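*Asks:* Structure file my_file-v9.cif (mmCIF, C-alpha atoms and all ligand atoms) is given on the next line.
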data_target
#
loop_
_atom_site.label_atom_id
_atom_site.label_comp_id
_atom_site.auth_asym_id
_atom_site.auth_seq_id
_atom_site.Cartn_x
_atom_site.Cartn_y
_atom_site.Cartn_z
CA MET A 1 0.00 0.00 0.00
CA LYS A 2 1.33 3.46 -0.89
CA ILE A 3 0.66 6.32 1.49
CA LEU A 4 1.35 9.97 0.70
CA ALA A 5 1.78 12.14 3.80
CA ASP A 6 2.30 15.89 4.12
CA GLN A 7 5.95 16.41 5.11
CA ASN A 8 4.84 18.52 8.09
CA ILE A 9 3.13 15.62 9.84
CA PRO A 10 5.44 14.65 12.69
CA HIS A 11 6.29 10.96 12.98
CA SER A 12 4.36 10.08 9.82
CA GLU A 13 6.94 7.43 8.96
CA THR A 14 6.82 5.97 12.51
CA PHE A 15 3.05 5.57 12.40
CA PHE A 16 2.06 5.09 8.76
CA GLY A 17 5.25 3.19 7.91
CA GLN A 18 3.64 0.33 9.89
CA LEU A 19 0.98 0.11 7.21
CA GLY A 20 2.80 0.61 3.93
CA GLN A 21 5.31 2.65 1.96
CA VAL A 22 5.22 6.31 3.02
CA VAL A 23 6.06 9.09 0.56
CA GLN A 24 6.38 12.58 2.04
CA ALA A 25 5.68 15.76 0.09
CA PRO A 26 4.95 19.46 0.76
CA GLY A 27 1.18 19.66 1.20
CA ARG A 28 0.53 23.17 -0.12
CA ASN A 29 0.70 22.37 -3.85
CA LEU A 30 0.06 18.66 -4.27
CA THR A 31 -0.63 17.74 -7.88
CA PRO A 32 -2.85 15.04 -9.42
CA GLU A 33 0.34 13.35 -10.68
CA GLN A 34 1.62 12.97 -7.12
CA VAL A 35 -1.52 11.09 -6.07
CA SER A 36 -1.92 9.06 -9.27
CA ASP A 37 -0.72 5.83 -7.60
CA ILE A 38 -1.57 6.58 -3.95
CA ASP A 39 -3.88 4.42 -1.81
CA ALA A 40 -4.08 6.63 1.27
CA LEU A 41 -3.60 10.40 1.42
CA ILE A 42 -2.68 11.98 4.77
CA VAL A 43 -2.87 15.77 4.76
CA ARG A 44 -2.88 18.90 6.90
CA SER A 45 -5.09 21.96 6.44
CA VAL A 46 -3.06 23.40 3.54
CA THR A 47 -4.07 20.76 0.99
CA GLN A 48 -7.32 21.27 -0.90
CA VAL A 49 -8.69 17.76 -1.32
CA ASP A 50 -11.29 17.77 -4.06
CA ALA A 51 -12.07 16.50 -7.56
CA SER A 52 -9.28 18.55 -9.13
CA LEU A 53 -6.76 16.61 -7.02
CA LEU A 54 -8.36 13.18 -6.84
CA ALA A 55 -10.38 12.71 -10.04
CA ASN A 56 -7.87 10.24 -11.52
CA SER A 57 -6.45 8.88 -8.29
CA PRO A 58 -7.02 5.42 -6.80
CA VAL A 59 -7.03 6.96 -3.29
CA LYS A 60 -9.43 5.07 -1.02
CA PHE A 61 -8.70 6.88 2.26
CA VAL A 62 -8.10 10.55 3.10
CA GLY A 63 -7.07 11.56 6.62
CA THR A 64 -6.40 15.06 7.84
CA CYS A 65 -4.28 15.32 11.00
CA THR A 66 -6.22 18.48 11.91
CA ILE A 67 -9.46 19.47 13.57
CA GLY A 68 -10.60 21.70 10.69
CA THR A 69 -12.08 20.02 7.61
CA ASP A 70 -12.86 23.04 5.41
CA HIS A 71 -10.08 21.97 3.00
CA LEU A 72 -11.83 18.65 2.29
CA ASP A 73 -14.63 18.43 -0.26
CA ILE A 74 -16.60 16.00 1.87
CA PRO A 75 -19.57 15.58 -0.50
CA TYR A 76 -17.11 14.65 -3.25
CA LEU A 77 -15.28 12.15 -1.02
CA ASN A 78 -18.59 10.59 0.02
CA GLN A 79 -19.82 10.43 -3.55
CA ARG A 80 -16.58 8.67 -4.60
CA GLN A 81 -16.89 6.38 -1.54
CA ILE A 82 -13.47 7.50 -0.35
CA SER A 83 -13.25 7.00 3.42
CA TRP A 84 -12.15 10.09 5.26
CA ALA A 85 -11.26 11.04 8.82
CA SER A 86 -10.25 14.15 10.74
CA ALA A 87 -8.53 14.44 14.10
CA GLN A 88 -11.38 15.87 16.14
CA GLY A 89 -10.20 17.63 19.28
CA CYS A 90 -6.54 16.65 18.81
CA ASN A 91 -5.18 20.12 19.53
CA ALA A 92 -8.12 21.68 21.41
CA ASN A 93 -6.07 21.94 24.61
CA SER A 94 -3.26 23.66 22.73
CA VAL A 95 -5.65 26.29 21.38
CA VAL A 96 -7.10 26.93 24.84
CA GLU A 97 -3.59 27.41 26.24
CA TYR A 98 -2.94 29.88 23.42
CA VAL A 99 -6.11 31.79 24.33
CA PHE A 100 -5.26 32.07 28.02
CA THR A 101 -1.69 33.12 27.23
CA ALA A 102 -2.87 35.79 24.81
CA LEU A 103 -5.45 37.13 27.24
CA ALA A 104 -2.92 37.31 30.07
CA HIS A 105 -0.89 39.64 27.84
CA VAL A 106 -3.57 41.84 26.31
CA ARG A 107 -5.90 41.98 29.35
CA PRO A 108 -3.98 41.09 32.52
CA ASN A 109 -7.27 41.53 34.46
CA TRP A 110 -9.15 39.03 32.24
CA LEU A 111 -10.27 37.01 35.28
CA ASN A 112 -12.54 39.95 36.16
CA LEU A 113 -13.90 40.52 32.65
CA SER A 114 -16.71 38.83 30.72
CA VAL A 115 -15.82 36.43 27.91
CA GLY A 116 -17.98 35.62 24.88
CA ILE A 117 -17.36 32.39 22.99
CA ILE A 118 -18.57 31.93 19.42
CA GLY A 119 -18.58 28.22 18.61
CA CYS A 120 -18.63 25.89 21.62
CA GLY A 121 -17.34 22.55 20.36
CA ASN A 122 -14.10 20.84 21.35
CA VAL A 123 -12.10 24.07 21.58
CA GLY A 124 -14.79 26.54 22.65
CA GLY A 125 -16.31 24.00 25.05
CA HIS A 126 -12.96 23.33 26.73
CA LEU A 127 -12.37 27.07 27.05
CA TYR A 128 -15.89 27.52 28.41
CA ARG A 129 -15.46 24.90 31.15
CA LYS A 130 -12.09 26.32 32.26
CA LEU A 131 -13.48 29.86 32.41
CA ARG A 132 -16.47 28.67 34.46
CA GLN A 133 -14.16 26.84 36.85
CA LEU A 134 -12.25 30.09 37.27
CA GLY A 135 -15.47 31.98 38.06
CA VAL A 136 -15.34 34.11 34.91
CA THR A 137 -18.65 35.36 33.45
CA VAL A 138 -19.10 33.59 30.10
CA ARG A 139 -21.64 33.95 27.29
CA VAL A 140 -21.81 31.50 24.43
CA TYR A 141 -23.22 31.65 20.91
CA ASP A 142 -23.57 28.35 19.10
CA PRO A 143 -26.76 27.85 17.05
CA PHE A 144 -26.23 24.08 16.95
CA LEU A 145 -26.38 23.69 20.74
CA ASN A 146 -29.15 24.20 23.29
CA ALA A 147 -29.24 25.38 26.89
CA ASN A 148 -29.02 21.79 28.16
CA ASP A 149 -25.60 21.55 26.54
CA VAL A 150 -24.42 25.01 27.61
CA PRO A 151 -26.29 26.90 30.35
CA ASP A 152 -24.76 30.23 29.27
CA LEU A 153 -26.03 30.00 25.70
CA THR A 154 -27.33 33.27 24.30
CA THR A 155 -27.57 35.25 21.07
CA LEU A 156 -24.70 36.43 18.91
CA GLU A 157 -25.71 40.02 19.76
CA GLN A 158 -25.26 39.36 23.50
CA VAL A 159 -21.96 37.53 23.03
CA LEU A 160 -20.60 40.44 21.04
CA LYS A 161 -21.24 42.69 24.07
CA ALA A 162 -18.69 40.82 26.20
CA ASP A 163 -15.34 42.37 27.18
CA ILE A 164 -13.50 39.61 25.34
CA VAL A 165 -14.87 37.68 22.35
CA CYS A 166 -13.20 34.44 21.23
CA VAL A 167 -14.03 32.88 17.86
CA HIS A 168 -13.81 29.08 17.65
CA THR A 169 -16.12 28.09 14.82
CA PRO A 170 -15.23 26.00 11.80
CA LEU A 171 -15.24 27.74 8.41
CA THR A 172 -18.51 26.83 6.70
CA ARG A 173 -19.85 28.26 3.46
CA GLY A 174 -23.32 26.71 3.45
CA GLY A 175 -25.95 25.18 5.71
CA PRO A 176 -28.29 27.03 8.06
CA HIS A 177 -25.55 28.99 9.86
CA PRO A 178 -22.54 29.58 7.59
CA THR A 179 -19.57 31.18 9.30
CA LEU A 180 -17.88 32.74 6.25
CA GLY A 181 -17.78 36.48 7.05
CA LEU A 182 -19.79 35.94 10.26
CA LEU A 183 -18.21 39.04 11.79
CA GLY A 184 -18.14 42.08 9.52
CA ALA A 185 -18.38 45.84 9.97
CA ALA A 186 -21.95 45.71 11.29
CA GLU A 187 -21.14 43.14 14.00
CA LEU A 188 -17.87 44.83 15.00
CA ALA A 189 -19.76 48.10 15.42
CA THR A 190 -21.90 46.51 18.15
CA MET A 191 -18.90 45.46 20.26
CA GLN A 192 -17.58 47.44 23.21
CA THR A 193 -15.11 50.11 22.14
CA ASN A 194 -12.39 48.60 24.37
CA ALA A 195 -13.17 44.94 23.68
CA VAL A 196 -10.72 42.22 22.66
CA LEU A 197 -11.53 40.06 19.64
CA LEU A 198 -9.55 36.83 19.38
CA ASN A 199 -9.76 34.52 16.38
CA ALA A 200 -8.23 31.04 16.58
CA GLY A 201 -10.84 29.38 14.32
CA ARG A 202 -10.40 30.21 10.63
CA GLY A 203 -9.42 33.59 9.16
CA GLU A 204 -12.36 33.86 6.77
CA VAL A 205 -14.87 33.92 9.65
CA ILE A 206 -13.94 37.60 10.20
CA ASP A 207 -13.92 40.20 7.44
CA GLY A 208 -10.29 41.33 7.68
CA ALA A 209 -10.74 44.65 5.88
CA ALA A 210 -13.63 45.53 8.20
CA LEU A 211 -11.53 44.58 11.22
CA ALA A 212 -8.59 46.72 10.06
CA ALA A 213 -10.94 49.69 9.58
CA HIS A 214 -12.50 49.08 13.00
CA LEU A 215 -9.08 48.99 14.67
CA ASP A 216 -8.22 52.30 13.02
CA ALA A 217 -11.47 53.89 14.17
CA GLN A 218 -11.39 52.46 17.73
CA PRO A 219 -7.94 52.91 19.29
CA GLU A 220 -8.96 51.06 22.49
CA PHE A 221 -10.16 47.98 20.60
CA SER A 222 -7.71 45.04 20.47
CA ALA A 223 -7.47 42.01 18.25
CA VAL A 224 -5.52 38.79 18.61
CA LEU A 225 -5.28 36.85 15.37
CA ASP A 226 -3.83 33.41 14.88
CA VAL A 227 -5.73 32.76 11.66
CA TRP A 228 -6.05 34.96 8.60
CA GLU A 229 -7.90 35.37 5.39
CA ASN A 230 -5.93 34.12 2.42
CA GLU A 231 -3.19 32.25 4.29
CA PRO A 232 -0.26 32.09 3.69
CA ASN A 233 -0.45 35.45 1.87
CA ILE A 234 -1.86 37.37 4.79
CA ASP A 235 -2.75 41.05 4.94
CA THR A 236 0.24 42.72 6.64
CA ALA A 237 -1.69 45.99 7.03
CA LEU A 238 -4.09 44.10 9.31
CA MET A 239 -1.19 42.34 11.03
CA GLN A 240 0.33 45.71 11.93
CA ARG A 241 -2.90 46.79 13.61
CA VAL A 242 -3.48 43.76 15.83
CA SER A 243 -2.08 43.37 19.36
CA ILE A 244 -0.89 39.79 18.90
CA ALA A 245 -0.32 38.22 15.48
CA THR A 246 0.71 34.57 15.09
CA PRO A 247 1.08 32.30 12.03
CA HIS A 248 -1.77 29.82 12.63
CA ILE A 249 0.03 27.97 15.40
CA ALA A 250 -2.53 28.07 18.24
CA GLY A 251 -3.01 24.33 17.84
CA TYR A 252 0.68 23.61 17.33
CA SER A 253 1.59 22.10 20.69
CA TYR A 254 3.77 19.06 20.07
CA ASP A 255 1.28 17.00 22.09
CA GLY A 256 -1.57 18.19 19.85
CA LYS A 257 0.32 17.48 16.64
CA ILE A 258 1.27 13.97 17.68
CA ALA A 259 -2.31 13.34 18.83
CA GLY A 260 -3.41 14.35 15.29
CA THR A 261 -0.99 11.87 13.71
CA GLU A 262 -2.10 9.12 16.10
CA MET A 263 -5.82 9.70 15.49
CA ILE A 264 -5.44 9.45 11.72
CA TYR A 265 -3.20 6.39 12.05
CA GLN A 266 -5.97 4.80 14.15
CA ALA A 267 -8.57 5.79 11.56
CA LEU A 268 -6.52 4.27 8.74
CA CYS A 269 -6.02 1.10 10.81
CA ALA A 270 -9.80 0.91 11.31
CA HIS A 271 -10.34 1.45 7.58
CA LEU A 272 -7.95 -1.43 6.87
CA GLY A 273 -9.31 -3.64 9.66
CA ILE A 274 -5.90 -3.70 11.38
CA GLU A 275 -5.19 -3.39 15.11
CA PRO A 276 -3.06 -0.26 15.84
CA GLN A 277 0.48 -1.16 16.93
CA ILE A 278 1.87 2.18 18.02
CA THR A 279 0.65 4.98 20.29
CA ALA A 280 1.43 8.66 20.79
CA GLN A 281 2.80 7.79 24.23
CA GLN A 282 5.58 5.78 22.58
CA VAL A 283 6.86 8.70 20.51
CA LEU A 284 6.35 11.65 22.87
CA PRO A 285 9.47 12.55 24.90
CA ALA A 286 9.26 10.95 28.33
CA ASN A 287 9.97 12.66 31.66
CA SER A 288 9.73 16.08 30.14
CA THR A 289 8.35 17.92 33.15
CA VAL A 290 9.73 21.45 33.56
CA GLN A 291 9.44 23.57 36.68
CA LEU A 292 8.36 27.18 36.26
CA CYS A 293 10.69 29.73 37.87
CA ALA A 294 9.53 31.81 40.81
CA ILE A 295 8.67 35.39 39.87
CA GLU A 296 9.31 38.65 41.68
CA THR A 297 6.50 39.36 44.14
CA THR A 298 6.52 42.92 42.75
CA ASN A 299 5.68 41.74 39.22
CA ALA A 300 2.52 43.59 38.14
CA TYR A 301 1.41 40.80 35.82
CA PRO A 302 2.42 37.59 37.57
CA LEU A 303 0.13 35.30 35.57
CA ALA A 304 1.38 36.58 32.22
CA ALA A 305 4.95 36.13 33.46
CA LEU A 306 4.29 32.55 34.56
CA LEU A 307 2.35 31.52 31.45
CA GLY A 308 5.01 33.15 29.30
CA GLN A 309 7.59 30.71 30.66
CA ALA A 310 5.57 27.75 29.41
CA TYR A 311 4.58 29.31 26.10
CA ASN A 312 6.20 32.51 24.84
CA ILE A 313 3.44 33.87 22.61
CA LEU A 314 5.23 37.20 22.24
CA ASN A 315 8.09 35.37 20.57
CA ASP A 316 5.69 33.90 18.00
CA ASP A 317 4.27 37.39 17.42
CA HIS A 318 7.73 38.96 17.05
CA THR A 319 8.97 36.22 14.72
CA LEU A 320 6.00 36.61 12.38
CA ARG A 321 6.24 40.40 12.21
CA THR A 322 10.01 40.28 11.66
CA ALA A 323 9.89 37.58 8.98
CA LEU A 324 7.12 39.27 6.99
CA SER A 325 8.52 42.78 7.21
CA GLN A 326 12.00 41.59 6.14
CA ALA A 327 10.50 39.70 3.21
CA ALA A 328 8.46 42.77 2.20
CA GLU A 329 11.54 45.04 2.42
CA GLN A 330 13.53 42.65 0.25
CA GLY A 331 10.68 42.22 -2.24
CA ARG A 332 10.29 38.52 -1.47
CA PRO A 333 6.83 36.85 -1.40
CA LEU A 334 5.31 36.59 2.08
CA GLY A 335 3.56 33.22 1.70
CA PRO A 336 6.74 31.08 1.89
CA GLU A 337 7.82 33.00 5.01
CA PHE A 338 4.50 32.33 6.72
CA ASP A 339 4.67 28.66 5.77
CA ALA A 340 8.32 28.36 6.86
CA LEU A 341 7.49 29.63 10.36
CA ARG A 342 4.84 26.94 10.64
CA LYS A 343 7.07 24.20 9.18
CA ASN A 344 9.95 25.05 11.52
CA TYR A 345 7.82 25.70 14.59
CA PRO A 346 9.71 24.72 17.77
CA GLN A 347 8.49 21.93 19.98
CA ARG A 348 5.95 23.41 22.41
CA ARG A 349 4.69 21.25 25.27
CA GLU A 350 1.31 21.56 26.95
CA TRP A 351 0.91 22.79 30.50
CA HIS A 352 0.53 19.43 32.18
CA HIS A 353 4.28 19.06 31.53
CA PHE A 354 5.04 22.03 33.80
CA THR A 355 5.10 22.16 37.58
CA GLN A 356 4.46 25.30 39.56
CA PRO A 357 7.40 27.29 41.01
CA ALA A 358 8.90 26.04 44.24
CA GLY A 359 8.50 29.47 45.91
CA LYS A 360 5.19 30.65 47.36
CA LEU A 361 2.85 32.25 44.85
CA ALA A 362 0.52 35.15 45.59
CA ASP A 363 -2.87 34.16 46.97
CA GLY A 364 -5.08 32.40 44.46
CA LEU A 365 -2.45 32.26 41.72
CA SER A 366 -1.55 28.66 42.41
CA GLN A 367 -5.23 27.69 42.23
CA VAL A 368 -5.56 29.47 38.87
CA LEU A 369 -2.50 27.64 37.53
CA THR A 370 -3.89 24.32 38.74
CA THR A 371 -7.21 24.98 37.00
CA LEU A 372 -5.34 25.91 33.83
CA GLY A 373 -3.61 22.53 33.88
CA PHE A 374 -0.23 23.07 35.58
CA LYS A 375 0.93 20.46 38.11
N1 LIG A 401 -5.86 28.09 15.10
C1 LIG A 401 -5.64 26.81 15.19
O1 LIG A 401 -4.53 26.36 15.26
C2 LIG A 401 -6.82 25.88 15.23
C3 LIG A 401 -6.67 24.67 15.92
C4 LIG A 401 -7.78 23.82 16.00
C5 LIG A 401 -8.97 24.15 15.38
N2 LIG A 401 -9.05 25.33 14.69
C6 LIG A 401 -10.32 25.72 14.06
O2 LIG A 401 -11.29 25.82 15.08
C7 LIG A 401 -12.48 25.23 14.64
C8 LIG A 401 -13.25 24.72 15.84
O3 LIG A 401 -12.59 23.63 16.43
P1 LIG A 401 -13.38 22.62 17.38
O4 LIG A 401 -12.46 21.51 17.68
O5 LIG A 401 -13.98 23.35 18.52
O6 LIG A 401 -14.51 22.14 16.38
P2 LIG A 401 -15.89 21.47 16.77
O7 LIG A 401 -16.46 20.94 15.52
O8 LIG A 401 -15.71 20.56 17.93
O9 LIG A 401 -16.79 22.70 17.27
C9 LIG A 401 -17.18 23.75 16.47
C10 LIG A 401 -18.42 24.38 17.09
O10 LIG A 401 -18.77 25.52 16.31
C11 LIG A 401 -20.19 25.54 16.23
N3 LIG A 401 -20.65 26.34 15.10
C12 LIG A 401 -20.79 25.98 13.81
N4 LIG A 401 -21.29 27.00 13.09
C13 LIG A 401 -21.46 28.02 13.95
C14 LIG A 401 -21.95 29.35 13.81
N5 LIG A 401 -22.41 29.82 12.64
N6 LIG A 401 -21.96 30.16 14.90
C15 LIG A 401 -21.52 29.70 16.09
N7 LIG A 401 -21.08 28.44 16.30
C16 LIG A 401 -21.05 27.62 15.23
C17 LIG A 401 -20.58 24.08 16.13
O11 LIG A 401 -21.94 23.88 16.50
C18 LIG A 401 -19.62 23.43 17.10
O12 LIG A 401 -20.16 23.35 18.40
C19 LIG A 401 -12.03 24.12 13.68
O13 LIG A 401 -13.02 23.81 12.74
C20 LIG A 401 -10.82 24.70 13.04
O14 LIG A 401 -11.17 25.35 11.84
C21 LIG A 401 -8.01 26.19 14.61
O1 LIG A 402 -7.60 22.61 12.24
C1 LIG A 402 -6.61 22.44 12.96
O2 LIG A 402 -6.42 21.39 13.61
C2 LIG A 402 -5.59 23.53 13.08
O3 LIG A 402 -5.98 24.68 12.43
C3 LIG A 402 -4.24 23.03 12.71
O4 LIG A 402 -3.32 23.50 13.64
C4 LIG A 402 -3.84 23.43 11.33
O5 LIG A 402 -2.50 23.11 11.12
P1 LIG A 402 -1.97 22.80 9.66
O6 LIG A 402 -2.72 21.63 9.19
O7 LIG A 402 -2.28 24.00 8.81
O8 LIG A 402 -0.52 22.53 9.81
#
Show me this structure written as structure tokens.
*Replies:*
Amino acid sequence: MKILADQNIPHSETFFGQLGQVVQAPGRNLTPEQVSDIDALIVRSVTQVDASLLANSPVKFVGTCTIGTDHLDIPYLNQRQISWASAQGCNANSVVEYVFTALAHVRPNWLNLSVGIIGCGNVGGHLYRKLRQLGVTVRVYDPFLNANDVPDLTTLEQVLKADIVCVHTPLTRGGPHPTLGLLGAAELATMQTNAVLLNAGRGEVIDGAALAAHLDAQPEFSAVLDVWENEPNIDTALMQRVSIATPHIAGYSYDGKIAGTEMIYQALCAHLGIEPQITAQQVLPANSTVQLCAIETTNAYPLAALLGQAYNILNDDHTLRTALSQAAEQGRPLGPEFDALRKNYPQRREWHHFTQPAGKLADGLSQVLTTLGFK
């Protein structure tokens, strides 16, 4: 069996090599020729999987090691009876850690603010439960859920009134509640003038031009963007206006990536009727617990300082801005720079690998860290 895997899938050879011959290739521009003799195609979000790629391919299984599926033409796959699988929830924890880290930087008092969540599935739901545990006031908009699922369910209008609004929907272009362009100028205009808007779903859910104009008109308004319209060729004018800009890496914890590989390996095993032989646990580095350093008791933003030790989001922001501005100055295209940052992303571990500082923390801080997932 011949398996083609995106070269940015960690440990693809370790897992899929158990099942057949693995060929690795850059996922962004896969051609029909590359899949003309492939039995199983394993992709990430950058590969459009549709008739133009697969029409003449013998592919019988498509797996995406990601949560998002907007790059798969699912009706086409179903019609061709090609089995497909996605890695639901694989990096949800990583995204939630990204959100808390970003908020600790842009709104150090976020524990006392209200948070609106748009889209309350694996990511939004995990964020919702953590915020509730922390006693934060939360409002949720998700037209596919009801109040039995989420007691704080309300309208989009009410959610947009929160101090902080986090977007965690898939990108959908049809159905009863499409998310393409869900937030445009009209919706932004209803938000508080000093609100924070964070998008770690898909870029096209927010109208980027409208957001850039809104940021110009409302100097107190802040945006945190991990995802962008038209990736990898993102709008640098918008990037310059947002408080934190990252290259679609919210879900890029190493734990989350390996979980994605494992889930699709398991799905391919199930498709083939084979018992899985290898687990994520076997490939993840063992004994990797790191202790956070004590911080000065005088530090005005102790939580941001502690979270920053586990995940330095400001470094991701700085690296993106530097790479894209250097490329622009030198007249080089921006897309390859954006992709290179993602391809070469350093290994980032989730918070359960970190223990709290040995020194005494200010009242309540240790409890917050425990709720967030630190040992
Ligand atoms: N930035 C990243 O690195 C990253 C990582 C993981 C996932 N994502 C994106 O986040 C999305 C959500 O991930 P998830 O694991 O929570 O998915 P999920 O499928 O578990 O949940 C999505 C939720 O959004 C809701 N929803 C759908 N349409 C909606 C609408 N119009 N308004 C409000 N809610 C709506 C659904 O009912 C569902 O509850 C993914 O589809 C993916 O595109 C991004
Ligand atoms: O949908 C997801 O799981 C995330 O957006 C994921 O992090 C995308 O990563 P990519 O496939 O683009 O490497």
*Asks:* Which residues form the shell of 8 Å around ligand LIG 401 (chain A) when you count all atoms listed in the file, given as an mmCIF file with C-alpha atoms, in the coordinates of the input?
*Replies:*
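Dumped to part.cif:
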data_model
loop_
_atom_site.group_PDB
_atom_site.id
_atom_site.type_symbol
_atom_site.label_atom_id
_atom_site.label_comp_id
_atom_site.auth_asym_id
_atom_site.auth_seq_id
_atom_site.Cartn_x
_atom_site.Cartn_y
_atom_site.Cartn_z
ATOM 1 C CA THR A 66 -6.220 18.480 11.910
ATOM 2 C CA ILE A 67 -9.460 19.470 13.570
ATOM 3 C CA GLY A 68 -10.600 21.700 10.690
ATOM 4 C CA THR A 69 -12.080 20.020 7.610
ATOM 5 C CA ASP A 70 -12.860 23.040 5.410
ATOM 6 C CA GLN A 88 -11.380 15.870 16.140
ATOM 7 C CA GLY A 89 -10.200 17.630 19.280
ATOM 8 C CA CYS A 90 -6.540 16.650 18.810
ATOM 9 C CA ASN A 91 -5.180 20.120 19.530
ATOM 10 C CA ALA A 92 -8.120 21.680 21.410
ATOM 11 C CA SER A 94 -3.260 23.660 22.730
ATOM 12 C CA VAL A 95 -5.650 26.290 21.380
ATOM 13 C CA ILE A 118 -18.570 31.930 19.420
ATOM 14 C CA GLY A 119 -18.580 28.220 18.610
ATOM 15 C CA CYS A 120 -18.630 25.890 21.620
ATOM 16 C CA GLY A 121 -17.340 22.550 20.360
ATOM 17 C CA ASN A 122 -14.100 20.840 21.350
ATOM 18 C CA VAL A 123 -12.100 24.070 21.580
ATOM 19 C CA GLY A 124 -14.790 26.540 22.650
ATOM 20 C CA GLY A 125 -16.310 24.000 25.050
ATOM 21 C CA TYR A 141 -23.220 31.650 20.910
ATOM 22 C CA ASP A 142 -23.570 28.350 19.100
ATOM 23 C CA PRO A 143 -26.760 27.850 17.050
ATOM 24 C CA PHE A 144 -26.230 24.080 16.950
ATOM 25 C CA LEU A 145 -26.380 23.690 20.740
ATOM 26 C CA LEU A 156 -24.700 36.430 18.910
ATOM 27 C CA HIS A 168 -13.810 29.080 17.650
ATOM 28 C CA THR A 169 -16.120 28.090 14.820
ATOM 29 C CA PRO A 170 -15.230 26.000 11.800
ATOM 30 C CA LEU A 171 -15.240 27.740 8.410
ATOM 31 C CA THR A 172 -18.510 26.830 6.700
ATOM 32 C CA PRO A 176 -28.290 27.030 8.060
ATOM 33 C CA HIS A 177 -25.550 28.990 9.860
ATOM 34 C CA PRO A 178 -22.540 29.580 7.590
ATOM 35 C CA THR A 179 -19.570 31.180 9.300
ATOM 36 C CA LEU A 182 -19.790 35.940 10.260
ATOM 37 C CA ASN A 199 -9.760 34.520 16.380
ATOM 38 C CA ALA A 200 -8.230 31.040 16.580
ATOM 39 C CA GLY A 201 -10.840 29.380 14.320
ATOM 40 C CA ARG A 202 -10.400 30.210 10.630
ATOM 41 C CA ASP A 226 -3.830 33.410 14.880
ATOM 42 C CA VAL A 227 -5.730 32.760 11.660
ATOM 43 C CA HIS A 248 -1.770 29.820 12.630
ATOM 44 C CA ILE A 249 0.030 27.970 15.400
ATOM 45 C CA ALA A 250 -2.530 28.070 18.240
ATOM 46 C CA GLY A 251 -3.010 24.330 17.840
ATOM 47 C CA TYR A 252 0.680 23.610 17.330
#
*Asks:* Residues within 12 Å of (-4.3, 43.1, 31.9), file coordinates, counting all atoms listed in the file: what are they? Give the list as a PyMOL selection string.
*Replies:* chain A and resi 100-113+164+196+300-305
*Asks:* Please report as a tab-separated table every residue of stretch 261-288 of chain A lying within 12 Å of stretch 3-7 of chain A, along with the nearest atom pair and their distance in Å (one decimal), using only C-alpha atoms.
*Replies:*
residue	atom	partner	partner_atom	distance
A:Thr261	CA	A:Ala5	CA	10.3
A:Ile264	CA	A:Ala5	CA	11.0
A:Tyr265	CA	A:Ala5	CA	11.2
A:Leu268	CA	A:Ile3	CA	10.4
*Asks:* Atoms to include: C-alpha atoms. Write the selected residues as a short mmCIF file (atom, residue, chain, number, x, y, z; two decimals), in the coordinates of the input.
*Replies:*
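What ended up in out-v5.cif:
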data_model
loop_
_atom_site.label_atom_id
_atom_site.label_comp_id
_atom_site.auth_asym_id
_atom_site.auth_seq_id
_atom_site.Cartn_x
_atom_site.Cartn_y
_atom_site.Cartn_z
CA THR A 261 -0.99 11.87 13.71
CA ILE A 264 -5.44 9.45 11.72
CA TYR A 265 -3.20 6.39 12.05
CA LEU A 268 -6.52 4.27 8.74
#
*Asks:* Ranking A:Ala327, A:Ala340, A:Ile117, A:Leu272 by minimum distance to ligand LIG 402 (chain A) and counting all atoms listed in the file, which one comes first?
*Replies:*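 Going through A:Ala327, A:Ala340, A:Ile117, A:Leu272 one by one, the smallest distance to ligand LIG 402 (chain A) is for A:Ala340.
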*Asks:* Could you work out how far atom CA of A:Ala210 lies from atom CA of A:Leu188, giving the answer in Å with one decimal?
*Replies:* 8.0 Å
*Asks:* Between atom CA of A:His353 and atom C4 of ligand LIG 402 (chain A), what distance in Å does the model show, to one decimal?
*Replies:*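 Interatomic distance, atom CA of A:His353 to atom C4 of ligand LIG 402 (chain A): 22.2 Å.
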*Asks:* Residues near A:Met191, anyone? I mean within 10 Å using all atoms listed in the file, not counting same-chain ones fewer than 2 positions away, as a ChimeraX atom specification.
*Replies:* /A:157-165,186-189,193-197,221
*Asks:* Rank A:Gly135, A:Gly373, A:Pro232, A:Gly181 by their smallest atom-to-atom distance to ligand LIG 402 (chain A), using all atoms listed in the file, and report the top residue only.
*Replies:*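 Nearest to ligand LIG 402 (chain A): A:Pro232.
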*Asks:* Considering only C-alpha atoms, state which residue in the set A:Lys343, A:Lys60, A:Arg129, A:Arg321 is at the smallest distance from A:Gly27.
*Replies:* A:Lys343
*Asks:* Taking 5 positions as the minimum chain separation for residues in the same chain, which residues sit within 7 Å of stretch 350-352 of chain A when counting all atoms listed in the file? Answer as a list in words.
*Replies:*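 Contacts, in chain order: Ser94, Ser253, Asp255, Ala310, Gly373, Phe374 and Lys375 of chain A.
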*Asks:* Any idea what the distance is between atom CA of A:Lys360 and atom CA of A:Leu307?
*Replies:*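 Atom CA of A:Lys360 sits 16.2 Å away from atom CA of A:Leu307.
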*Asks:* Contacts of A:Gly63 at 9 Å or less, counting all atoms listed in the file, minus same-chain residues fewer than 2 places along, as a PyMOL selection string?
*Replies:* chain A and resi 40-44+61+65-66+83-87+264-265+267-268
*Asks:* Quick one: of A:Ala259, A:Ala217, A:Val35, A:Leu320, who's nearest to ligand LIG 402 (chain A), counting all atoms listed in the file?
*Replies:*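 Answer, going by the shortest atom-to-atom distance: A:Ala259.
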